[in-house]
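As stored in work31.txt (compact mmCIF, C-alpha atoms and all ligand atoms):
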# COMPACT_ATOMS: atom_id res chain seq x y z
CA MET E 1 -44.70 224.55 138.46
CA HIS E 2 -48.24 223.65 139.45
CA PRO E 3 -49.07 222.84 143.11
CA ALA E 4 -49.72 219.12 142.57
CA SER E 5 -46.26 218.72 141.00
CA MET E 6 -44.59 219.96 144.19
CA GLU E 7 -46.90 217.76 146.29
CA ASN E 8 -46.11 214.69 144.21
CA MET E 9 -42.35 215.30 144.25
CA LYS E 10 -42.53 215.86 148.03
CA ARG E 11 -44.19 212.47 148.24
CA CYS E 12 -41.25 210.90 146.33
CA VAL E 13 -38.79 212.68 148.63
CA ASP E 14 -40.64 211.77 151.84
CA TRP E 15 -40.98 208.15 150.82
CA TYR E 16 -37.80 207.36 148.90
CA LEU E 17 -35.00 209.91 149.49
CA PRO E 18 -31.90 207.88 150.44
CA GLU E 19 -29.88 208.55 153.61
CA GLY E 20 -26.45 210.21 153.65
CA ASP E 21 -24.72 212.91 151.62
CA LEU E 22 -26.27 212.97 148.18
CA HIS E 23 -25.54 214.52 144.82
CA VAL E 24 -28.91 215.39 143.32
CA ILE E 25 -29.45 216.83 139.86
CA ASP E 26 -32.65 218.41 138.56
CA LEU E 27 -33.22 218.28 134.80
CA GLY E 28 -35.35 221.21 133.69
CA ALA E 29 -34.64 223.09 136.92
CA SER E 30 -35.80 226.57 135.93
CA ASP E 31 -37.80 227.98 138.84
CA VAL E 32 -41.25 228.81 137.43
CA ASN E 33 -43.47 229.23 140.51
CA GLY E 34 -41.36 226.88 142.61
CA SER E 35 -38.35 224.59 142.50
CA TYR E 36 -37.83 221.07 143.83
CA ARG E 37 -34.65 222.45 145.42
CA GLN E 38 -36.82 223.60 148.35
CA LEU E 39 -37.67 219.95 149.13
CA MET E 40 -34.03 219.00 149.66
CA PRO E 41 -32.40 218.69 153.11
CA ALA E 42 -29.08 220.44 153.83
CA ARG E 43 -27.09 217.21 153.30
CA VAL E 44 -27.90 217.35 149.56
CA ARG E 45 -25.59 218.89 146.95
CA TYR E 46 -28.10 220.04 144.35
CA THR E 47 -27.35 221.05 140.77
CA GLY E 48 -30.05 222.46 138.51
CA PHE E 49 -29.67 221.83 134.75
CA ASP E 50 -31.71 223.54 132.07
CA LEU E 51 -31.53 224.42 128.38
CA ALA E 52 -31.92 228.13 129.17
CA PRO E 53 -30.50 230.30 131.95
CA GLY E 54 -32.88 231.41 134.66
CA PRO E 55 -33.62 231.27 138.38
CA GLY E 56 -32.74 227.88 139.85
CA VAL E 57 -30.42 227.00 136.94
CA ASP E 58 -26.78 226.20 137.80
CA VAL E 59 -25.71 224.65 134.49
CA VAL E 60 -27.04 225.55 131.03
CA LEU E 61 -26.95 222.50 128.75
CA ASP E 62 -25.99 222.76 125.06
CA ASP E 63 -27.45 219.33 124.37
CA PRO E 64 -30.31 217.91 126.48
CA TYR E 65 -29.14 214.35 125.78
CA SER E 66 -25.57 214.84 126.92
CA LEU E 67 -25.08 215.59 130.62
CA PRO E 68 -21.62 217.04 131.46
CA LEU E 69 -21.15 214.56 134.31
CA PRO E 70 -19.03 211.41 134.72
CA ASP E 71 -20.64 207.96 134.56
CA ALA E 72 -22.09 206.71 137.87
CA SER E 73 -21.65 210.05 139.68
CA VAL E 74 -25.19 211.01 140.75
CA ASP E 75 -27.34 209.64 143.60
CA LEU E 76 -30.69 211.03 142.49
CA VAL E 77 -32.12 212.62 139.35
CA LEU E 78 -35.23 214.78 139.63
CA SER E 79 -37.20 216.00 136.67
CA GLY E 80 -40.66 217.49 136.43
CA GLN E 81 -42.61 219.00 133.53
CA MET E 82 -39.62 218.46 131.23
CA ILE E 83 -39.76 215.26 129.18
CA GLU E 84 -43.00 216.26 127.41
CA HIS E 85 -41.00 219.17 125.94
CA CYS E 86 -38.13 216.93 124.85
CA ALA E 87 -38.40 215.70 121.25
CA HIS E 88 -36.40 212.50 121.90
CA PHE E 89 -37.28 211.95 125.56
CA TRP E 90 -36.05 208.33 125.55
CA ARG E 91 -32.50 209.65 125.05
CA VAL E 92 -32.88 211.61 128.33
CA PHE E 93 -33.53 208.30 130.08
CA THR E 94 -30.35 206.86 128.53
CA ALA E 95 -28.40 209.86 129.88
CA ILE E 96 -30.01 209.48 133.33
CA SER E 97 -29.09 205.80 133.43
CA ARG E 98 -25.47 206.60 132.53
CA VAL E 99 -24.90 209.24 135.25
CA LEU E 100 -26.71 207.37 138.04
CA LYS E 101 -24.61 205.45 140.53
CA PRO E 102 -25.55 201.77 140.93
CA GLY E 103 -28.63 201.82 143.18
CA GLY E 104 -29.23 205.50 142.33
CA LEU E 105 -32.77 206.80 141.88
CA ALA E 106 -34.74 209.01 139.51
CA PHE E 107 -38.02 210.74 140.42
CA ILE E 108 -39.72 211.76 137.18
CA ASN E 109 -42.95 213.72 136.80
CA ALA E 110 -44.66 214.36 133.46
CA PRO E 111 -48.25 215.20 132.50
CA SER E 112 -50.68 212.55 131.35
CA ALA E 113 -53.17 215.23 130.21
CA GLY E 114 -53.55 218.99 129.81
CA PRO E 115 -53.45 221.74 127.20
CA ILE E 116 -50.57 222.45 124.81
CA HIS E 117 -47.94 224.67 126.45
CA ARG E 118 -44.78 225.16 124.40
CA TYR E 119 -41.35 225.46 126.12
CA PRO E 120 -40.43 225.87 123.23
CA VAL E 121 -42.25 222.73 122.03
CA ASP E 122 -44.85 220.48 123.69
CA CYS E 123 -44.66 217.00 122.15
CA TYR E 124 -46.05 214.31 124.46
CA ARG E 125 -48.27 213.10 127.28
CA PHE E 126 -47.37 209.93 129.24
CA TYR E 127 -49.40 207.01 130.61
CA PRO E 128 -48.17 204.51 133.22
CA ASP E 129 -47.08 201.91 130.65
CA ALA E 130 -44.76 204.52 129.11
CA TYR E 131 -42.65 204.60 132.28
CA GLN E 132 -42.26 200.82 132.27
CA ALA E 133 -41.26 200.98 128.59
CA LEU E 134 -38.73 203.74 129.33
CA ALA E 135 -37.31 201.82 132.30
CA ASP E 136 -36.82 198.77 130.04
CA TRP E 137 -35.22 200.94 127.35
CA ALA E 138 -32.74 202.60 129.72
CA GLY E 139 -31.91 199.60 131.92
CA LEU E 140 -33.68 200.98 134.99
CA ARG E 141 -36.24 199.43 137.35
CA LEU E 142 -39.61 201.13 137.72
CA VAL E 143 -40.15 200.89 141.49
CA HIS E 144 -43.35 202.89 141.91
CA CYS E 145 -45.63 204.68 139.47
CA TRP E 146 -48.82 206.62 140.11
CA ARG E 147 -51.13 208.85 138.14
CA ASP E 148 -52.62 211.85 139.91
CA GLU E 149 -56.26 212.52 138.98
CA ARG E 150 -56.04 216.26 139.57
CA GLY E 151 -56.24 218.32 136.42
CA PRO E 152 -55.45 219.71 134.09
CA TRP E 153 -52.08 217.92 134.05
CA CYS E 154 -52.89 214.65 135.86
CA ASP E 155 -49.24 214.13 136.81
CA LEU E 156 -47.61 210.78 136.13
CA LEU E 157 -44.96 210.01 138.76
CA GLY E 158 -42.25 207.41 138.36
CA VAL E 159 -39.67 206.30 140.91
CA PHE E 160 -36.88 204.52 139.01
CA GLN E 161 -33.79 202.74 140.31
CA LYS E 162 -30.58 201.67 138.58
CA GLY E 163 -30.29 198.09 139.85
CA GLY E 164 -30.80 197.92 143.61
CA ASP E 165 -33.69 196.38 145.49
CA LEU E 166 -35.86 199.32 146.54
CA GLN E 167 -39.46 198.13 146.97
CA PRO E 168 -42.60 200.27 146.56
CA LEU E 169 -44.46 201.47 149.62
CA THR E 170 -47.81 199.71 149.86
CA ALA E 171 -49.22 201.30 153.02
CA PRO E 172 -49.19 204.81 154.52
CA PRO E 173 -45.88 205.50 156.26
CA LYS E 174 -45.72 206.62 159.88
CA LEU E 175 -44.78 210.23 160.55
CA ALA E 176 -40.99 210.75 160.47
CA ALA E 177 -40.96 213.80 162.77
CA SER E 178 -43.46 215.40 165.13
CA ILE E 179 -45.80 218.04 163.68
CA LEU E 180 -47.35 218.99 167.02
CA ARG E 181 -46.06 222.40 168.02
CA GLU E 182 -47.54 224.28 170.95
CA VAL E 183 -47.18 228.02 170.52
CA VAL E 184 -48.59 230.87 172.61
CA HIS E 185 -48.68 234.38 171.17
CA PRO E 186 -47.09 237.05 173.42
CA GLU E 187 -50.05 239.37 172.77
CA PRO E 188 -53.11 238.01 174.73
CA ALA E 189 -55.53 239.65 172.24
CA ALA E 190 -54.24 237.28 169.55
CA GLU E 191 -55.57 234.32 171.57
CA ILE E 192 -59.15 235.59 172.02
CA THR E 193 -62.02 233.27 171.17
CA LYS E 194 -65.74 233.76 170.76
CA GLY E 195 -68.79 231.74 169.78
CA ALA E 196 -72.39 231.19 170.85
CA ARG E 197 -71.81 227.50 171.78
CA PRO E 198 -68.79 225.19 172.14
CA TYR E 199 -68.13 223.22 168.93
CA LEU E 200 -68.16 219.86 170.74
CA GLU E 201 -71.71 220.53 171.98
CA VAL E 202 -72.76 221.40 168.44
CA LEU E 203 -71.08 218.29 167.03
CA ALA E 204 -72.92 216.19 169.61
CA ASP E 205 -76.20 217.71 168.36
CA LEU E 206 -75.21 216.91 164.77
CA HIS E 207 -74.59 213.27 165.73
CA GLU E 208 -78.07 213.11 167.26
CA LEU E 209 -79.69 214.77 164.24
CA VAL E 210 -77.81 212.87 161.50
CA LYS E 211 -77.68 209.51 163.33
CA PRO E 212 -74.75 208.35 161.18
CA GLY E 213 -74.22 204.68 160.42
CA LEU E 214 -70.54 205.48 159.79
CA TYR E 215 -68.66 208.54 161.04
CA ALA E 216 -65.40 209.74 159.44
CA GLU E 217 -62.95 212.07 161.18
CA ILE E 218 -59.72 213.70 160.02
CA GLY E 219 -57.64 215.18 162.84
CA VAL E 220 -58.21 213.45 166.17
CA ARG E 221 -55.64 214.77 168.67
CA ARG E 222 -57.00 213.86 172.13
CA GLY E 223 -60.09 212.12 170.74
CA ASN E 224 -62.60 214.61 172.16
CA SER E 225 -64.64 214.93 168.96
CA LEU E 226 -64.15 211.27 167.99
CA ARG E 227 -65.63 210.04 171.27
CA LEU E 228 -68.93 211.78 170.42
CA ALA E 229 -69.64 209.10 167.81
CA ARG E 230 -72.04 206.39 168.99
CA CYS E 231 -71.60 204.46 165.73
CA GLU E 232 -68.75 202.78 163.86
CA ALA E 233 -66.07 205.37 163.08
CA VAL E 234 -62.93 205.61 160.94
CA ALA E 235 -60.45 208.32 161.91
CA VAL E 236 -57.07 209.53 160.66
CA ASP E 237 -54.32 211.44 162.45
CA PRO E 238 -50.55 211.16 161.94
CA GLU E 239 -49.91 212.04 165.57
CA PRO E 240 -52.87 211.27 167.80
CA ALA E 241 -52.45 212.09 171.49
CA LEU E 242 -55.48 210.29 172.92
CA SER E 243 -56.54 211.22 176.43
CA GLU E 244 -58.20 207.82 176.90
CA ALA E 245 -58.61 204.57 174.96
CA LEU E 246 -61.10 204.50 172.10
CA PRO E 247 -64.00 202.03 171.94
CA ASP E 248 -63.67 198.99 169.64
CA ARG E 249 -66.08 200.46 167.10
CA VAL E 250 -63.47 203.12 166.21
CA THR E 251 -60.62 202.43 163.76
CA LEU E 252 -57.81 204.97 164.00
CA HIS E 253 -55.21 205.19 161.22
CA ASP E 254 -52.06 206.94 162.45
CA CYS E 255 -50.97 208.57 159.20
CA ALA E 256 -51.52 211.80 157.28
CA SER E 257 -54.91 212.04 155.58
CA ASP E 258 -53.36 212.47 152.11
CA ASP E 259 -51.45 209.21 152.55
CA PHE E 260 -54.54 207.50 153.97
CA PHE E 261 -56.55 208.31 150.85
CA PHE E 262 -53.61 207.65 148.50
CA PHE E 263 -53.16 204.08 149.71
CA HIS E 264 -56.73 203.14 150.65
CA GLY E 265 -58.53 204.90 147.80
CA ALA E 266 -62.11 203.72 147.39
CA GLU E 267 -61.55 201.21 150.24
CA ALA E 268 -60.81 203.95 152.79
CA TYR E 269 -64.19 203.40 154.46
CA PRO E 270 -66.09 200.11 154.82
CA ARG E 271 -69.17 201.92 153.43
CA PRO E 272 -70.03 205.54 152.62
CA PRO E 273 -69.89 207.74 155.75
CA ASP E 274 -72.99 209.76 156.67
CA LEU E 275 -71.18 212.34 158.80
CA ALA E 276 -67.58 213.56 158.46
CA PHE E 277 -65.57 216.04 160.51
CA ILE E 278 -62.52 217.65 158.87
CA ASP E 279 -60.14 219.06 161.49
CA GLY E 280 -56.67 217.97 160.32
CA MET E 281 -53.87 220.21 159.06
CA HIS E 282 -55.08 223.81 159.30
CA LEU E 283 -54.00 224.96 155.87
CA LEU E 284 -56.35 225.66 152.98
CA GLU E 285 -54.91 223.14 150.51
CA PHE E 286 -55.00 220.35 153.12
CA ALA E 287 -58.62 221.12 154.07
CA LEU E 288 -59.53 221.29 150.37
CA ARG E 289 -57.93 217.91 149.63
CA ASP E 290 -59.58 216.41 152.72
CA PHE E 291 -62.94 217.71 151.49
CA MET E 292 -62.35 216.38 147.95
CA ASN E 293 -61.24 212.97 149.21
CA VAL E 294 -64.05 212.63 151.73
CA GLU E 295 -66.89 213.97 149.57
CA ARG E 296 -66.38 211.39 146.86
CA LEU E 297 -66.67 208.55 149.37
CA MET E 298 -69.65 209.99 151.30
CA ARG E 299 -73.29 209.10 151.08
CA ARG E 300 -74.95 211.68 148.82
CA LYS E 301 -77.25 212.74 151.66
CA GLY E 302 -74.34 212.89 154.09
CA VAL E 303 -73.05 215.89 156.03
CA ILE E 304 -69.47 217.20 156.07
CA VAL E 305 -68.38 219.58 158.83
CA ILE E 306 -65.18 221.63 158.57
CA ASP E 307 -63.64 223.17 161.69
CA ASP E 308 -61.65 226.42 162.04
CA VAL E 309 -63.38 228.49 159.36
CA LEU E 310 -63.84 231.57 161.62
CA PRO E 311 -60.57 232.82 163.11
CA ASN E 312 -61.05 235.38 165.89
CA HIS E 313 -57.94 237.42 165.15
CA PRO E 314 -55.69 237.87 162.07
CA VAL E 315 -52.82 236.18 163.92
CA GLN E 316 -54.91 232.99 164.21
CA ALA E 317 -55.23 232.97 160.40
CA GLU E 318 -51.47 233.04 159.70
CA ARG E 319 -50.33 230.03 157.67
CA ASP E 320 -47.21 229.82 159.80
CA ARG E 321 -48.59 229.09 163.27
CA GLN E 322 -48.08 231.96 165.71
CA SER E 323 -50.75 231.31 168.36
CA ARG E 324 -52.24 228.50 170.44
CA VAL E 325 -55.65 229.15 168.85
CA TRP E 326 -54.80 228.41 165.21
CA CYS E 327 -57.05 228.25 162.14
CA GLY E 328 -54.48 228.93 159.42
CA ASP E 329 -56.16 229.95 156.17
CA VAL E 330 -58.87 227.26 156.31
CA TRP E 331 -61.45 230.13 156.23
CA ARG E 332 -60.64 230.52 152.50
CA ILE E 333 -62.40 227.23 151.76
CA VAL E 334 -65.74 229.05 152.19
CA PRO E 335 -65.30 231.54 149.29
CA LEU E 336 -63.56 228.77 147.31
CA LEU E 337 -66.52 226.39 147.60
CA ARG E 338 -69.04 229.20 147.03
CA LYS E 339 -67.28 230.05 143.77
CA HIS E 340 -66.46 226.59 142.40
CA ARG E 341 -69.20 224.45 143.95
CA PRO E 342 -72.36 226.59 144.04
CA ASP E 343 -74.31 223.31 144.05
CA LEU E 344 -73.27 222.64 147.68
CA LYS E 345 -75.29 223.97 150.60
CA LEU E 346 -72.94 225.76 153.01
CA THR E 347 -73.94 227.00 156.46
CA LEU E 348 -71.55 228.79 158.80
CA PHE E 349 -72.06 228.45 162.55
CA ASP E 350 -70.86 230.75 165.31
CA THR E 351 -69.22 228.12 167.52
CA ALA E 352 -66.41 228.51 170.03
CA PRO E 353 -63.57 228.65 169.56
CA THR E 354 -63.20 228.95 165.76
CA GLY E 355 -66.48 228.35 163.90
CA LEU E 356 -67.89 225.40 161.96
CA LEU E 357 -68.94 225.02 158.32
CA VAL E 358 -71.73 222.51 157.67
CA ILE E 359 -71.94 221.21 154.10
CA THR E 360 -74.77 219.21 152.53
CA ARG E 361 -76.13 218.40 149.04
CA LEU E 362 -72.94 216.47 148.43
CA ALA E 363 -72.15 215.27 144.92
CA PRO E 364 -69.64 212.41 145.22
CA ALA E 365 -69.23 212.16 141.43
CA ASN E 366 -68.63 215.90 140.94
CA LYS E 367 -65.20 216.44 139.34
CA VAL E 368 -65.00 220.26 139.35
CA LEU E 369 -62.49 220.46 142.20
CA TRP E 370 -60.49 217.47 140.92
CA ASN E 371 -60.23 218.80 137.39
CA GLY E 372 -59.58 222.37 138.51
CA TYR E 373 -57.30 221.76 141.54
CA ASN E 374 -54.11 223.30 140.14
CA ARG E 375 -55.84 226.27 138.52
CA ILE E 376 -57.95 226.95 141.62
CA LEU E 377 -54.89 227.01 143.89
CA ARG E 378 -52.88 229.10 141.42
CA ASP E 379 -55.68 231.68 141.19
CA LEU E 380 -56.01 231.75 144.99
CA ALA E 381 -52.28 232.36 145.40
CA ALA E 382 -52.69 235.51 143.29
CA GLU E 383 -55.69 236.76 145.30
CA ASP E 384 -55.64 239.06 148.31
CA ALA E 385 -55.67 236.79 151.38
CA THR E 386 -56.48 239.52 153.91
CA LEU E 387 -59.05 238.33 156.40
CA PRO E 388 -62.37 239.93 155.34
CA PRO E 389 -64.41 241.78 158.00
CA GLU E 390 -67.36 239.36 157.65
CA VAL E 391 -65.08 236.51 158.75
CA LEU E 392 -63.73 238.38 161.77
CA ASP E 393 -67.12 239.74 162.87
CA ARG E 394 -68.90 236.45 162.01
CA SER E 395 -71.76 238.39 160.44
CA GLU E 396 -72.52 235.48 158.05
CA ALA E 397 -72.54 232.84 160.79
CA LEU E 398 -75.74 231.54 162.37
CA GLU E 399 -76.33 230.87 166.03
CA PRO E 400 -76.01 227.08 166.28
CA THR E 401 -79.41 226.32 167.75
CA ARG E 402 -80.80 222.84 167.31
CA ALA E 403 -83.37 224.23 164.82
CA ALA E 404 -80.68 226.00 162.78
CA LEU E 405 -78.60 222.81 162.69
CA ALA E 406 -81.62 220.78 161.57
CA ALA E 407 -82.25 223.30 158.79
CA ALA E 408 -78.59 223.20 157.73
CA ILE E 409 -78.52 219.42 157.37
CA SER E 410 -81.86 219.19 155.57
CA GLN E 411 -81.26 218.60 151.88
CA GLU E 412 -83.76 221.31 150.81
C1 LIG E 501 -57.22 220.46 166.36
S1 LIG E 501 -56.61 218.86 166.44
C2 LIG E 501 -58.08 217.88 166.27
C3 LIG E 501 -58.95 217.88 167.45
C4 LIG E 501 -60.14 216.94 167.43
N1 LIG E 501 -60.85 216.91 166.16
C5 LIG E 501 -61.11 217.42 168.50
O1 LIG E 501 -61.89 218.31 168.19
O2 LIG E 501 -61.05 216.91 169.60
C6 LIG E 501 -55.85 218.69 164.86
C7 LIG E 501 -55.23 217.33 164.63
O3 LIG E 501 -54.95 217.23 163.24
C8 LIG E 501 -53.88 216.37 163.08
N2 LIG E 501 -53.31 216.50 161.74
C9 LIG E 501 -52.35 217.35 161.32
N3 LIG E 501 -52.04 217.12 160.04
C10 LIG E 501 -52.84 216.12 159.62
C11 LIG E 501 -52.99 215.42 158.40
N4 LIG E 501 -52.24 215.73 157.33
N5 LIG E 501 -53.90 214.42 158.32
C12 LIG E 501 -54.67 214.12 159.39
N6 LIG E 501 -54.56 214.74 160.58
C13 LIG E 501 -53.66 215.73 160.69
C14 LIG E 501 -52.92 216.77 164.21
O4 LIG E 501 -52.03 215.71 164.51
C15 LIG E 501 -53.90 217.07 165.34
O5 LIG E 501 -54.02 215.97 166.20

Show how you would write the structure in this file as structure tokens.
Ligand SMILES: C[S@@+](CC[C@H](N)C(=O)[O-])C[C@H]1O[C@@H](n2cnc3c(N)ncnc32)[C@H](O)[C@@H]1O
Amino acid sequence: MHPASMENMKRCVDWYLPEGDLHVIDLGASDVNGSYRQLMPARVRYTGFDLAPGPGVDVVLDDPYSLPLPDASVDLVLSGQMIEHCAHFWRVFTAISRVLKPGGLAFINAPSAGPIHRYPVDCYRFYPDAYQALADWAGLRLVHCWRDERGPWCDLLGVFQKGGDLQPLTAPPKLAASILREVVHPEPAAEITKGARPYLEVLADLHELVKPGLYAEIGVRRGNSLRLARCEAVAVDPEPALSEALPDRVTLHDCASDDFFFFHGAEAYPRPPDLAFIDGMHLLEFALRDFMNVERLMRRKGVIVIDDVLPNHPVQAERDRQSRVWCGDVWRIVPLLRKHRPDLKLTLFDTAPTGLLVITRLAPANKVLWNGYNRILRDLAAEDATLPPEVLDRSEALEPTRAALAAAISQE
């Protein structure tokens, strides 16, 4: 399974999973680099069906169009990367409709693009109108459908309901549970910090140098970096904990950045931002998506700054947070961008506590990261993620003097 498939199915689960004890079936459940089973809460009874035995498979089907289940016995059907391999896929929808309880749901993912990959055949790609046609064929309602732009598969997601009155979400949902977790590592050395200047001082200099007309921020917490903006600002944080009220020129969206961009799309900002600060979820794939989403809406001569690219200790770089000072694996965005976007100008700065990356020569129309997203993340997962010495010793980072910052933001 490719990373975007899991992300898209998680979206379906976060937004539409019904309450209560549920019987969920997964059609094409074989665990190839991940299973939707991991998205399910404990209250779910999950059965994985597939045509071949394998990890994640509970029931091997003789006939893909005949599910060994009574009528109206299932609350939710999941299926990803399956119907394109199914010669008569419309008959799968008939089977889904039969086993669903009234009001039951189906979350279906299939590619709308991508190379031929036979399991054992590869017959089809699907566009949004196909899901409406299949819903009509099988007597289901298509509640929500979206096409993911990230290649090579460009997932097509469909949320279907048998009867019922489920309505599509039209705005980013509020956070269901708190993500703020304060941790302190028992070993004081794991909490060390260094840096030639505090990052807030350096950000203040960048505001003075760039003089943005619009400032964008992802990850606000107490509002310390957001309050540096003297211009109109649009910020996103699912769980802000502001230390004081924000001025009227700031709009704060209290949702996750992925949801913010999903629902607002090209309208996310009233005009292209000139300066953006990415400091949201400290995990590589989140920082990468934030960069991709922000870059394409920025002014071409704009400046994007990413926080937390220089952890001071390997513990601070753990993906699973272990310390108060936490960077996760955001540092990996530097080699990633160097490799896949050599057109960007990247400058690392030795700021306290955890380093800043300043990015210019933006190319809002560049599609390399969008087209390559799944392959890039798959390749990274196979690479050694040990923190390299040049990250820990900051040997590639510049002292953030005003002159060095001015040079970094110049487009030459
Ligand atoms: C380190 S704090 C930001 C601090 C702020 N930029 C500053 O320097 O004063 C990180 C923030 O990211 C937020 N965050 C976590 N996940 C996020 C997401 N998916 N989208 C946007 N913000 C997120 C957290 O709620 C937290 O408030």

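The two atoms in question, CA of Trp326 (chain E) and CA of Leu284 (chain E), are spaced 12.6 Å apart.
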
Between CA of Asp71 (chain E) and CA of Asp14 (chain E), what distance in Å does the model show, to one decimal?
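Pair CA of Asp71 (chain E) / CA of Asp14 (chain E) returns 26.7 Å.
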
Smallest atom-to-atom distance to ligand LIG 501 (chain E): which of E:Val143, E:Leu310, E:Leu203, E:Leu22, using only C-alpha atoms and all ligand atoms?
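Smallest separation from ligand LIG 501 (chain E) among the options: E:Leu203.
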
Return as lines of an AutoDock Vina configuration file the centre and edge lengths, in Å with one decimal, of the box along x, y and z that encloses every atom of ligand LIG 501 (chain E) in the file, padded by 3 Å per side.
center_x = -57.0
center_y = 217.3
center_z = 163.5
size_x = 15.9
size_y = 12.3
size_z = 18.3

Check every protein, DNA and RNA residue against ligand LIG 501 (chain E), keep those with an atom at most 6 Å away (counting all atoms listed in the file), and present them as a PyMOL selection string.
chain E and resi 218-225+236-240+256-257+279-281

d(CA of Tyr127 (chain E), CA of Leu39 (chain E)) in Å
25.5 Å

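Closest to Gly151 (chain E) among E:Ala408, E:Ala4, E:Ala233, E:Ala171 is E:Ala4, based on only C-alpha atoms.
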
Nearest residue to Asp26 (chain E) out of E:Gln411, E:Thr47, E:Asn109, E:Asn371, using all atoms listed in the file?
E:Thr47

Under the rule of at most 10 Å, produce a per-residue listing of region 123-151 of chain E near region 101-108 of chain E: chain, number, name, the closest pair of atoms, and the distance in Å, as CSV, using only C-alpha atoms.
residue,atom,partner,partner_atom,distance
E:Tyr131,CA,E:Ile108,CA,9.2
E:Leu140,CA,E:Leu105,CA,9.1
E:Arg141,CA,E:Leu105,CA,9.3
E:Leu142,CA,E:Ala106,CA,9.4
E:Val143,CA,E:Leu105,CA,9.5
E:His144,CA,E:Phe107,CA,9.6
E:Cys145,CA,E:Ile108,CA,9.5

For each of E:Leu180, E:Thr360, E:Arg271, E:Leu17, take the minimum atom-to-atom distance to Met40 (chain E), counting only C-alpha atoms, then give the residue where this is smallest.
E:Leu17

Leaving out Met6 (chain E) and any residue of its chain fewer than 3 positions from it, which residues lie within 9 Å of it when counting only C-alpha atoms, given as a list in words?
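These residues fall inside the cut-off: Met1, His2, Pro3, Met9, Lys10, Arg11, Gly34, Ser35, Tyr36 and Leu39 of chain E.
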
Anything within 10 Å of (-51.3, 216.3, 133.2): list those residues as an NGL selection string, counting only C-alpha atoms and sticking to the file's coordinates.
:E and (4-5 or 81 or 109-115 or 125-127 or 147-156)

Closest of E:Ser97, E:Thr170, E:Thr251, E:Thr193 to Ala135 (chain E), counting only C-alpha atoms, is E:Ser97

Leu356 (chain E) surroundings by all atoms listed in the file, 7 Å radius, close-in-sequence under 4 positions cut, as a VMD selection string
chain E and resid 305 to 309 348 to 351

With all atoms listed in the file as the basis for distance, which of E:Asn312, E:Thr347, E:Asn8, E:Ser79 is at the shortest distance from Arg361 (chain E)?
E:Thr347

Mind writing region 137-149 of chain E to a file for me, with N, CA and C atoms, as a PDB file, in the first residue's frame?
ATOM      1  N   TRP E 137     -25.640   2.116  -9.935  1.00  0.00           N
ATOM      2  CA  TRP E 137     -25.760   0.701 -10.330  1.00  0.00           C
ATOM      3  C   TRP E 137     -26.113  -0.183  -9.130  1.00  0.00           C
ATOM      4  N   ALA E 138     -25.438   0.090  -7.987  1.00  0.00           N
ATOM      5  CA  ALA E 138     -25.561  -0.824  -6.845  1.00  0.00           C
ATOM      6  C   ALA E 138     -26.616  -0.373  -5.833  1.00  0.00           C
ATOM      7  N   GLY E 139     -27.287   0.745  -6.088  1.00  0.00           N
ATOM      8  CA  GLY E 139     -28.301   1.217  -5.140  1.00  0.00           C
ATOM      9  C   GLY E 139     -27.680   1.825  -3.894  1.00  0.00           C
ATOM     10  N   LEU E 140     -26.541   2.484  -4.057  1.00  0.00           N
ATOM     11  CA  LEU E 140     -25.888   3.162  -2.932  1.00  0.00           C
ATOM     12  C   LEU E 140     -25.931   4.667  -3.176  1.00  0.00           C
ATOM     13  N   ARG E 141     -25.657   5.444  -2.119  1.00  0.00           N
ATOM     14  CA  ARG E 141     -25.516   6.899  -2.276  1.00  0.00           C
ATOM     15  C   ARG E 141     -24.042   7.249  -2.215  1.00  0.00           C
ATOM     16  N   LEU E 142     -23.569   8.052  -3.154  1.00  0.00           N
ATOM     17  CA  LEU E 142     -22.192   8.550  -3.070  1.00  0.00           C
ATOM     18  C   LEU E 142     -22.232   9.809  -2.208  1.00  0.00           C
ATOM     19  N   VAL E 143     -21.664   9.705  -0.995  1.00  0.00           N
ATOM     20  CA  VAL E 143     -21.741  10.814  -0.033  1.00  0.00           C
ATOM     21  C   VAL E 143     -20.629  11.813  -0.288  1.00  0.00           C
ATOM     22  N   HIS E 144     -19.413  11.312  -0.515  1.00  0.00           N
ATOM     23  CA  HIS E 144     -18.261  12.202  -0.662  1.00  0.00           C
ATOM     24  C   HIS E 144     -17.261  11.517  -1.588  1.00  0.00           C
ATOM     25  N   CYS E 145     -16.710  12.272  -2.495  1.00  0.00           N
ATOM     26  CA  CYS E 145     -15.737  11.716  -3.436  1.00  0.00           C
ATOM     27  C   CYS E 145     -14.629  12.740  -3.624  1.00  0.00           C
ATOM     28  N   TRP E 146     -13.376  12.305  -3.549  1.00  0.00           N
ATOM     29  CA  TRP E 146     -12.289  13.233  -3.870  1.00  0.00           C
ATOM     30  C   TRP E 146     -11.174  12.508  -4.596  1.00  0.00           C
ATOM     31  N   ARG E 147     -10.478  13.290  -5.411  1.00  0.00           N
ATOM     32  CA  ARG E 147      -9.340  12.760  -6.165  1.00  0.00           C
ATOM     33  C   ARG E 147      -8.085  13.404  -5.609  1.00  0.00           C
ATOM     34  N   ASP E 148      -7.130  12.572  -5.227  1.00  0.00           N
ATOM     35  CA  ASP E 148      -5.867  13.034  -4.666  1.00  0.00           C
ATOM     36  C   ASP E 148      -4.908  13.302  -5.827  1.00  0.00           C
ATOM     37  N   GLU E 149      -4.262  14.458  -5.805  1.00  0.00           N
ATOM     38  CA  GLU E 149      -3.370  14.807  -6.927  1.00  0.00           C
ATOM     39  C   GLU E 149      -2.027  14.109  -6.864  1.00  0.00           C
TER      40      GLU E 149
END
